[in-house]
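All remarks here apply to the structure that follows.
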Amino acid sequence: MSDLLAARTQMAMSLAFHIIFAVVGVAMPVLMVVAERRWQRHGDRIHLELAKRWSKGTAILFAVGAVSGTVLSFELGLLWPRFMEYAGPVIGMPFSLEGFAFFTEAIFLGVYLYGWDRISPRAHLFAGIMVAISGTASAVFVVTANAWMNTPTGFDLVDGRMVNIDPIAAMLNPASFPQTLHMTLASFAATGLAVAGIHAFLLLRRPNDPFHRRALNIALLVGAPAAILMPVSGDISARYVAKWQPAKLAAMEGQFATERGAPLRIGGIPNEEDRTTRWAIEVPKALSLLAFHDPNAEVKGLDAFPEADWPPVLIVHLAFQVMVGLGSMMAIVSLWSLWIRWRKREPSEHRNFLRAVVLVSPMGFIAIEAGWVVTEVGRQPWIVYNIFRTADAVTPMPGLVYPLVLFTGIYIFLALSSCGCCTGRSSTRRRPPISALANRPRVPRIHGSPPMSR
Amino acid sequence: MSELFTLPVVIAGIMVVSLNAYVLLAGADFGGGVWDFFASGPRRAAQRTLIADAIGPVWEANHVWLILVVVLLFTCFPAAFAALSITLHIPLVIMLVGIVMRGAAFTFRTYDSQRDAVQNRWSLVFAVASLVTPVILGVCVGAIAAGCIPTDAGMTFASETFRDAYIAPWLTAFSFAIGATTLALFAQLAAVYLTVEAADPELQDDFRRRALIAQGGALASALLALVLAQREAPALSEGLLRGWQSIPLLATVSVSAAATAWFLHQRRFRHARVSAAIQASAILWGWPLAQFPWLLPRHLTIETAASPAPTLRLIAIALAIGALLLFPSLFYLFRVFKSRPARTA
């Protein structure tokens with residue numbers, strides 16, 4: 001394995017790992033705050049228990065997200081020092097703002113988790129709201145930095161060097177709005193439906209359990225509207241990609257030839273050798289219509305670009321199909337939940353609906369991973385689109401396969417441990433009596449030995 | 001005066017302030033892990049509970065100070081960030097593993113099954129990571145202070161071996177002496193803070209004794225580092241012993257170190273907490289002051305490494321606004337959790 005490939009694999013793995021925890025860290029606090037608010041308004045203890053249960057999940061996942069995010073902030077330099085040296089002055093701004101948002105999130109999460117009996121209910125709810133707001137803000141800032149890599153602005157290029165740097169203009173690059181919107185909605189959709197799926201599964205086994213019924217309702221409240229808005233935001237994103245990153249769009253669609261009235265390909269296998277995409281269902285003129293809102297618009301194919309600047313077409317195309325397919329199913333199930341609500345029914349009483357929610361439960365996270373593959377692999381071979389090549393950014397240190405192996409081991413360990421921890425004893429499945437949870441911060445028992453033993 | 005306090009210098013100063021906060025806050029959290037490792041005697045379990053209660057609500061916020069330093073480094077001094085990341089790849093990876101394992105193990109221990117076997121396993125991971133990480137952090141600082149971070153590693157000399165470029169710069173006696181000093185200082189800070197947080201006088205005494213031991217260790221290893229610096233980091237040693245700042249610095253360190261020991265001896269723990277914090281801060285500030293105006297001594301000054309002015313100006317504004325948001329929140333966090341002694345088990 002070449003050092004460049006090892007570095008790319010390690011970065012991809014780190015991002016793929018971190019994104020799960022980051023996404024949960026954005027949406028989970030909202031679930032927790034809604035539950036606490038309902039407890040404070042209606043005095044239903046089940047809502048209090050839900051808030052505590054979800055805050056436990058938030059604590060575990062936030063901690064893993066925080067440490068994996070720390071790894072990423074160092075990895076930017078450890079793997080791509082030349083990129084950071086080049087781009088640091090331009091994209092440091094959103095990272096700095098993210099630093100403050102993350103700081104706020106960590107402070108108020110500490111207050112929230114350990115402050116149940118130390119501060120007033122109003123202050124406690126406020127802490128939860130601050131966690132939710134700063135979590136979302138962190139995500140927006142980091143995605144803004146990524147957006148700049150797709151559509152770099154805010155500088156003049158003179159002899160390959162960036163001069164007249166304007167970090168605000170860099171943050172307001174064309175990709176910022178579509179990408180941050182898409183990612184924020186995705187966080188709520190994926191987390192909301194994943195949590196809904198867990199409780200739907202348990203409701204199928206124990207119908208009308210009041211705990212899971214309330215949990216399902218809150219999770220759908222957070223997840224379903226976002227999942228329904230995702231296709232709209234996807235349309236905005238697609239039109240921006242068509243305009244600013246035509247090579248990426250061509251790879252996403254398996255479009256090798258430049259043509260007017262280009263068809264939309266559903267599925268299919270692109271082949272870079274003979275420059276065709278086979279076995280796809282082609283909807284005539286639909287791509288031109290979707291990308292430019294004009295059925296006869298010209299869509300640039302990969303033939304408009306030198307082959308050295310092509311992203312890996314097969315991966316990008318397949319990842320895009322996966323993202324759109326899964327996202328569509330999530331939107332349909334979410335519409336179903338709205339329909340049930342519209343008719344003033346309880347979603348928890350429709351067993352087929354519950355089954356559908358269980359089915360889409362993991363899809364949001366798979367779609368997010370696929371979506372990031374589209375964004376990141378679709379930008380290759382560039383680390384900064386059309387300006388700086390990934391191959392020129394990598395560290396000169398040889399033997400990068402060793403840290404790759406090390407971090408692979410760490411991520412596997414963290415994934416298994418956090419799963420074990422979240423689903424372990426006193427998890428959502430087996431809940432202890434409410435009295436054991438109320439009004440007391442968790443004091444960890446540190447060591448099993450009785451005080452007098454050595 | 002305005003010549004001295006240029007924008008790059010001010011931002012570099014803010015980075016040292018952040019690092020100082022990291023040392024005083026997160027450093028003590030690492031130190032807590034050290035004392036978890038060395039928990040012993042009849043109150044072993046109580047010691048560990050006290051440590052966990054003290055760290056629990058604040059460690060994640062404390063940890064962010066390091067992120068702030070890293071982000072400011074790559075935004076405002078990107079060339080230095082690149083050089084550090086290349087030459088110190090190996091120790092930084094070890095440090096990251098330590099940071100990940102420490103944080104993850106602490107959280108998992110809090111929320112995982114309360115069975116003894118599970119708890120002991122997480123405790124061990126937490127404690128070992130808390131021991132290793134500060135040493136490596138100190139090693140990285142030592143390598144920077146000794147001027148071992150070139151800006152062209154792996155680029156210029158074809159004859160340069162892997163060992164020359166990626167191991168020799170940090171694998172030195174001096175770096176490890178700084179590593180030992182860092183560990184001892186963190187352990188000392190933790191023990192001193194815990195004397196304040198403990199409600200039970202016997203538990204206070206346990207940590208009082210530990211604070212004094214760590215104090216001895218910190219001073220001994222700092223002296224050793226100073227001696228080694230004569231040979232391995234002569235420029236730093238020159239700055240520490242003969243610069244304009246050396247008299248006030250050495251005076252602050254000696255007075256605060258003596259005061260810490262005296263206050264501990266007198267059981268005036270709140271006073272000891274203040275003087276221990278001053279002592280650790282003075283030792284930390286000795287490093288940037290002695291190597292000023294260098295960022296990476298012998299290779300890169302603060303001015304030459306700095307990003308263009310528009311970036312620095314915006315970052316300065318962001319830092320000012322961020323501080324307005326941050327300090328009230330931090331004050332609130334510490335007032336809620338640190339204003340009265342934690343309950344003892």
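Starting from 1 in every chain, residues are counted up; chains themselves are A, B, ... following the order of the structure tokens, and ligands are numbered from 1 as listed.
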Counting only C-alpha atoms, what is within 12 Å of Phe331 in chain B, bar same-chain residues fewer than 3 positions away, as a count of residues only?
18
Ile368 in chain A environment, 9 Å, only C-alpha atoms, sequence neighbours closer than 4 positions dropped, as a PyMOL selection string
chain A and resi 19-20+183+186-187+190+323+363-364+372-373
Please report the interatomic distance between CA of Gly325 in chain A and CA of Leu15 in chain A in Å with one decimal.
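According to the coordinates, CA of Gly325 in chain A and CA of Leu15 in chain A are separated by 22.3 Å.
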Helix (DSSP H, G or I) call set, DSSP backbone run, range 106-162 of chain A, as JSON, numbers by chain
{"A": [106, 107, 108, 109, 110, 111, 112, 113, 114, 121, 122, 123, 124, 125, 126, 127, 128, 129, 130, 131, 132, 133, 134, 135, 136, 137, 138, 139, 140, 141, 142, 143, 144, 145, 146, 147, 148, 149, 150]}
Output N, CA and C atoms for every residue in that selection, as a JSON list (two decimals), in the first residue's frame.
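result21.json, freshly written:
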```json
[["chain", "number", "residue", "atom", "x", "y", "z"],
["A", 106, "ALA", "N", -19.19, 21.47, 25.50],
["A", 106, "ALA", "CA", -18.59, 20.65, 26.56],
["A", 106, "ALA", "C", -18.94, 21.20, 27.94],
["A", 107, "ILE", "N", -18.92, 22.53, 28.08],
["A", 107, "ILE", "CA", -19.21, 23.15, 29.38],
["A", 107, "ILE", "C", -20.64, 22.83, 29.79],
["A", 108, "PHE", "N", -21.59, 23.09, 28.87],
["A", 108, "PHE", "CA", -22.99, 22.91, 29.26],
["A", 108, "PHE", "C", -23.39, 21.44, 29.33],
["A", 109, "LEU", "N", -22.68, 20.59, 28.60],
["A", 109, "LEU", "CA", -22.97, 19.16, 28.76],
["A", 109, "LEU", "C", -22.55, 18.71, 30.16],
["A", 110, "GLY", "N", -21.40, 19.22, 30.63],
["A", 110, "GLY", "CA", -20.98, 18.92, 32.00],
["A", 110, "GLY", "C", -22.03, 19.38, 33.00],
["A", 111, "VAL", "N", -22.53, 20.61, 32.80],
["A", 111, "VAL", "CA", -23.56, 21.14, 33.68],
["A", 111, "VAL", "C", -24.81, 20.26, 33.62],
["A", 112, "TYR", "N", -25.19, 19.89, 32.41],
["A", 112, "TYR", "CA", -26.42, 19.12, 32.22],
["A", 112, "TYR", "C", -26.33, 17.74, 32.87],
["A", 113, "LEU", "N", -25.23, 17.04, 32.59],
["A", 113, "LEU", "CA", -25.12, 15.64, 33.03],
["A", 113, "LEU", "C", -24.98, 15.54, 34.54],
["A", 114, "TYR", "N", -24.21, 16.44, 35.13],
["A", 114, "TYR", "CA", -23.89, 16.31, 36.54],
["A", 114, "TYR", "C", -24.69, 17.29, 37.40],
["A", 121, "PRO", "N", -34.50, 23.68, 37.80],
["A", 121, "PRO", "CA", -34.97, 23.01, 36.58],
["A", 121, "PRO", "C", -34.85, 23.91, 35.35],
["A", 122, "ARG", "N", -35.13, 25.19, 35.55],
["A", 122, "ARG", "CA", -35.05, 26.12, 34.42],
["A", 122, "ARG", "C", -33.61, 26.22, 33.91],
["A", 123, "ALA", "N", -32.64, 26.35, 34.84],
["A", 123, "ALA", "CA", -31.23, 26.44, 34.46],
["A", 123, "ALA", "C", -30.79, 25.14, 33.79],
["A", 124, "HIS", "N", -31.34, 24.02, 34.29],
["A", 124, "HIS", "CA", -30.95, 22.73, 33.73],
["A", 124, "HIS", "C", -31.42, 22.60, 32.28],
["A", 125, "LEU", "N", -32.67, 23.00, 32.05],
["A", 125, "LEU", "CA", -33.20, 22.95, 30.69],
["A", 125, "LEU", "C", -32.39, 23.89, 29.78],
["A", 126, "PHE", "N", -32.04, 25.06, 30.32],
["A", 126, "PHE", "CA", -31.24, 26.01, 29.56],
["A", 126, "PHE", "C", -29.90, 25.39, 29.15],
["A", 127, "ALA", "N", -29.28, 24.67, 30.09],
["A", 127, "ALA", "CA", -27.99, 24.00, 29.78],
["A", 127, "ALA", "C", -28.18, 23.04, 28.62],
["A", 128, "GLY", "N", -29.28, 22.28, 28.65],
["A", 128, "GLY", "CA", -29.56, 21.34, 27.57],
["A", 128, "GLY", "C", -29.73, 22.04, 26.23],
["A", 129, "ILE", "N", -30.44, 23.17, 26.26],
["A", 129, "ILE", "CA", -30.65, 23.94, 25.02],
["A", 129, "ILE", "C", -29.32, 24.45, 24.49],
["A", 130, "MET", "N", -28.45, 24.91, 25.40],
["A", 130, "MET", "CA", -27.13, 25.38, 24.97],
["A", 130, "MET", "C", -26.32, 24.26, 24.32],
["A", 131, "VAL", "N", -26.44, 23.03, 24.88],
["A", 131, "VAL", "CA", -25.74, 21.89, 24.29],
["A", 131, "VAL", "C", -26.24, 21.68, 22.86],
["A", 132, "ALA", "N", -27.57, 21.72, 22.70],
["A", 132, "ALA", "CA", -28.14, 21.48, 21.37],
["A", 132, "ALA", "C", -27.71, 22.55, 20.37],
["A", 133, "ILE", "N", -27.78, 23.82, 20.79],
["A", 133, "ILE", "CA", -27.42, 24.91, 19.87],
["A", 133, "ILE", "C", -25.94, 24.83, 19.50],
["A", 134, "SER", "N", -25.07, 24.66, 20.51],
["A", 134, "SER", "CA", -23.64, 24.68, 20.19],
["A", 134, "SER", "C", -23.23, 23.43, 19.42],
["A", 135, "GLY", "N", -23.92, 22.31, 19.65],
["A", 135, "GLY", "CA", -23.63, 21.10, 18.87],
["A", 135, "GLY", "C", -23.91, 21.33, 17.40],
["A", 136, "THR", "N", -25.07, 21.94, 17.12],
["A", 136, "THR", "CA", -25.41, 22.23, 15.72],
["A", 136, "THR", "C", -24.44, 23.25, 15.13],
["A", 137, "ALA", "N", -24.08, 24.27, 15.93],
["A", 137, "ALA", "CA", -23.15, 25.28, 15.43],
["A", 137, "ALA", "C", -21.80, 24.66, 15.08],
["A", 138, "SER", "N", -21.30, 23.75, 15.92],
["A", 138, "SER", "CA", -20.02, 23.08, 15.62],
["A", 138, "SER", "C", -20.08, 22.41, 14.26],
["A", 139, "ALA", "N", -21.18, 21.68, 14.05],
["A", 139, "ALA", "CA", -21.30, 20.94, 12.78],
["A", 139, "ALA", "C", -21.30, 21.91, 11.61],
["A", 140, "VAL", "N", -22.04, 23.01, 11.74],
["A", 140, "VAL", "CA", -22.11, 23.99, 10.65],
["A", 140, "VAL", "C", -20.72, 24.55, 10.34],
["A", 141, "PHE", "N", -19.94, 24.87, 11.39],
["A", 141, "PHE", "CA", -18.62, 25.46, 11.15],
["A", 141, "PHE", "C", -17.68, 24.46, 10.47],
["A", 142, "VAL", "N", -17.68, 23.23, 10.94],
["A", 142, "VAL", "CA", -16.76, 22.25, 10.35],
["A", 142, "VAL", "C", -17.12, 21.97, 8.90],
["A", 143, "VAL", "N", -18.43, 21.86, 8.63],
["A", 143, "VAL", "CA", -18.84, 21.60, 7.25],
["A", 143, "VAL", "C", -18.49, 22.79, 6.37],
["A", 144, "THR", "N", -18.53, 24.00, 6.94],
["A", 144, "THR", "CA", -18.13, 25.19, 6.18],
["A", 144, "THR", "C", -16.67, 25.06, 5.71],
["A", 145, "ALA", "N", -15.81, 24.57, 6.60],
["A", 145, "ALA", "CA", -14.41, 24.37, 6.22],
["A", 145, "ALA", "C", -14.31, 23.36, 5.08],
["A", 146, "ASN", "N", -15.10, 22.29, 5.18],
["A", 146, "ASN", "CA", -15.08, 21.30, 4.10],
["A", 146, "ASN", "C", -15.61, 21.89, 2.80],
["A", 147, "ALA", "N", -16.65, 22.73, 2.92],
["A", 147, "ALA", "CA", -17.23, 23.34, 1.72],
["A", 147, "ALA", "C", -16.19, 24.15, 0.97],
["A", 148, "TRP", "N", -15.30, 24.82, 1.74],
["A", 148, "TRP", "CA", -14.26, 25.61, 1.09],
["A", 148, "TRP", "C", -13.35, 24.73, 0.23],
["A", 149, "MET", "N", -13.11, 23.50, 0.69],
["A", 149, "MET", "CA", -12.26, 22.60, -0.10],
["A", 149, "MET", "C", -12.92, 22.26, -1.44],
["A", 150, "ASN", "N", -14.27, 22.29, -1.46],
["A", 150, "ASN", "CA", -14.99, 22.02, -2.70],
["A", 150, "ASN", "C", -15.06, 23.23, -3.61]]
```
Let me make sure I understand: among B:Ile11, B:Val135, B:Leu73, B:Val100, which one has the smallest atom-to-atom distance to chain A if we use only C-alpha atoms?
B:Val100
Under the rule that only C-alpha atoms are counted, which of A:Phe388, A:Phe305, A:Phe211, A:Trp80 is the nearest residue to chain B?
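Smallest distance to chain B is found for A:Trp80.
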Measuring between only C-alpha atoms, which one of A:Ile269, A:Arg389, A:Gly371, A:Lys52 shows the shortest distance to Phe83 in chain A?
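Checking each candidate against Phe83 in chain A, we get A:Arg389 as the closest.
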Just want the 12 Å neighbourhood of range 329-342 of chain A, counted on only C-alpha atoms, with same-chain residues fewer than 3 positions away dropped. Output as a PyMOL selection string.
chain A and resi 185-186+188-194+196-197+216-217+219-232+234+322-326+345-350+352-367
Could you write those residues out with C-alpha atoms, as a PDB file, in the first residue's frame?
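Everything below was put into result29.pdb:
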```
ATOM      1  CA  LEU A 185     -30.942  18.085   8.269  1.00  0.00           C
ATOM      2  CA  ALA A 186     -29.189  14.743   7.778  1.00  0.00           C
ATOM      3  CA  PHE A 188     -31.646  15.182  12.675  1.00  0.00           C
ATOM      4  CA  ALA A 189     -33.121  12.761  10.154  1.00  0.00           C
ATOM      5  CA  ALA A 190     -30.571  10.005  10.783  1.00  0.00           C
ATOM      6  CA  THR A 191     -30.522  10.269  14.566  1.00  0.00           C
ATOM      7  CA  GLY A 192     -34.262  10.819  14.930  1.00  0.00           C
ATOM      8  CA  LEU A 193     -35.202   7.830  12.780  1.00  0.00           C
ATOM      9  CA  ALA A 194     -32.477   5.630  14.307  1.00  0.00           C
ATOM     10  CA  ALA A 196     -37.377   5.901  16.546  1.00  0.00           C
ATOM     11  CA  GLY A 197     -36.369   2.548  15.077  1.00  0.00           C
ATOM     12  CA  LEU A 216     -41.072   7.050  19.525  1.00  0.00           C
ATOM     13  CA  ASN A 217     -43.175  10.196  19.307  1.00  0.00           C
ATOM     14  CA  ALA A 219     -37.860  10.765  17.988  1.00  0.00           C
ATOM     15  CA  LEU A 220     -40.282  11.050  15.055  1.00  0.00           C
ATOM     16  CA  LEU A 221     -40.935  14.676  15.901  1.00  0.00           C
ATOM     17  CA  VAL A 222     -37.211  15.418  15.514  1.00  0.00           C
ATOM     18  CA  GLY A 223     -36.411  13.004  12.679  1.00  0.00           C
ATOM     19  CA  ALA A 224     -39.395  12.958  10.337  1.00  0.00           C
ATOM     20  CA  PRO A 225     -39.606  16.641   9.289  1.00  0.00           C
ATOM     21  CA  ALA A 226     -35.863  16.656   8.603  1.00  0.00           C
ATOM     22  CA  ALA A 227     -36.114  13.467   6.530  1.00  0.00           C
ATOM     23  CA  ILE A 228     -38.961  14.997   4.502  1.00  0.00           C
ATOM     24  CA  LEU A 229     -36.940  18.162   3.852  1.00  0.00           C
ATOM     25  CA  MET A 230     -33.858  16.170   2.796  1.00  0.00           C
ATOM     26  CA  PRO A 231     -34.907  15.761  -0.875  1.00  0.00           C
ATOM     27  CA  VAL A 232     -35.461  19.535  -1.112  1.00  0.00           C
ATOM     28  CA  GLY A 234     -30.632  17.461  -1.943  1.00  0.00           C
ATOM     29  CA  VAL A 322     -27.008   4.454  -2.102  1.00  0.00           C
ATOM     30  CA  MET A 323     -27.449   7.892  -0.537  1.00  0.00           C
ATOM     31  CA  VAL A 324     -30.398   8.876  -2.710  1.00  0.00           C
ATOM     32  CA  GLY A 325     -32.072   5.477  -2.436  1.00  0.00           C
ATOM     33  CA  LEU A 326     -31.878   5.297   1.344  1.00  0.00           C
ATOM     34  CA  ARG A 345     -53.831   8.412  15.213  1.00  0.00           C
ATOM     35  CA  GLU A 346     -51.018   7.069  17.368  1.00  0.00           C
ATOM     36  CA  PRO A 347     -48.031   5.916  15.281  1.00  0.00           C
ATOM     37  CA  SER A 348     -47.297   3.255  17.880  1.00  0.00           C
ATOM     38  CA  GLU A 349     -50.578   1.455  17.087  1.00  0.00           C
ATOM     39  CA  HIS A 350     -49.706   0.775  13.442  1.00  0.00           C
ATOM     40  CA  ASN A 352     -46.743  -2.064   9.765  1.00  0.00           C
ATOM     41  CA  PHE A 353     -45.605   1.481  10.319  1.00  0.00           C
ATOM     42  CA  LEU A 354     -43.458   0.324  13.252  1.00  0.00           C
ATOM     43  CA  ARG A 355     -41.912  -2.352  11.039  1.00  0.00           C
ATOM     44  CA  ALA A 356     -41.137   0.261   8.398  1.00  0.00           C
ATOM     45  CA  VAL A 357     -39.482   2.496  10.995  1.00  0.00           C
ATOM     46  CA  VAL A 358     -37.332  -0.417  12.172  1.00  0.00           C
ATOM     47  CA  LEU A 359     -36.376  -1.043   8.561  1.00  0.00           C
ATOM     48  CA  VAL A 360     -35.234   2.553   7.879  1.00  0.00           C
ATOM     49  CA  SER A 361     -33.617   2.908  11.295  1.00  0.00           C
ATOM     50  CA  PRO A 362     -29.985   2.322  10.234  1.00  0.00           C
ATOM     51  CA  MET A 363     -30.422   3.897   6.800  1.00  0.00           C
ATOM     52  CA  GLY A 364     -29.685   7.478   7.819  1.00  0.00           C
ATOM     53  CA  PHE A 365     -26.204   6.629   9.003  1.00  0.00           C
ATOM     54  CA  ILE A 366     -25.427   4.540   5.930  1.00  0.00           C
ATOM     55  CA  ALA A 367     -26.713   7.377   3.747  1.00  0.00           C
TER      56      ALA A 367
END
```
Do you know which residues are at most 12 Å from Leu250 in chain B counting only C-alpha atoms, after dropping those on the same chain fewer than 2 positions away, and could you put them as a PyMOL selection string?
chain B and resi 222-223+226+239-248+252-257+279+281-287+290
I'd like the interatomic distance between CA of His47 in chain A and CA of Ala215 in chain A, to a tenth of an Å.
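Atom-to-atom, CA of His47 in chain A to CA of Ala215 in chain A, that is 8.2 Å.
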Compare B:Leu300, B:Val118, B:Ala180, B:Met15 by their minimum atom-to-atom distance to Ile136 in chain B, counting only C-alpha atoms, and give me the closest one.
B:Ala180
Distance in Å - CA of Gly409 in chain A versus CA of Asp29 in chain B
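Separation between CA of Gly409 in chain A and CA of Asp29 in chain B: 25.7 Å.
The closest residue to chain B, picked from A:Gly399, A:Gly88, A:Pro94, A:Gly43 and counting only C-alpha atoms, is A:Gly88.
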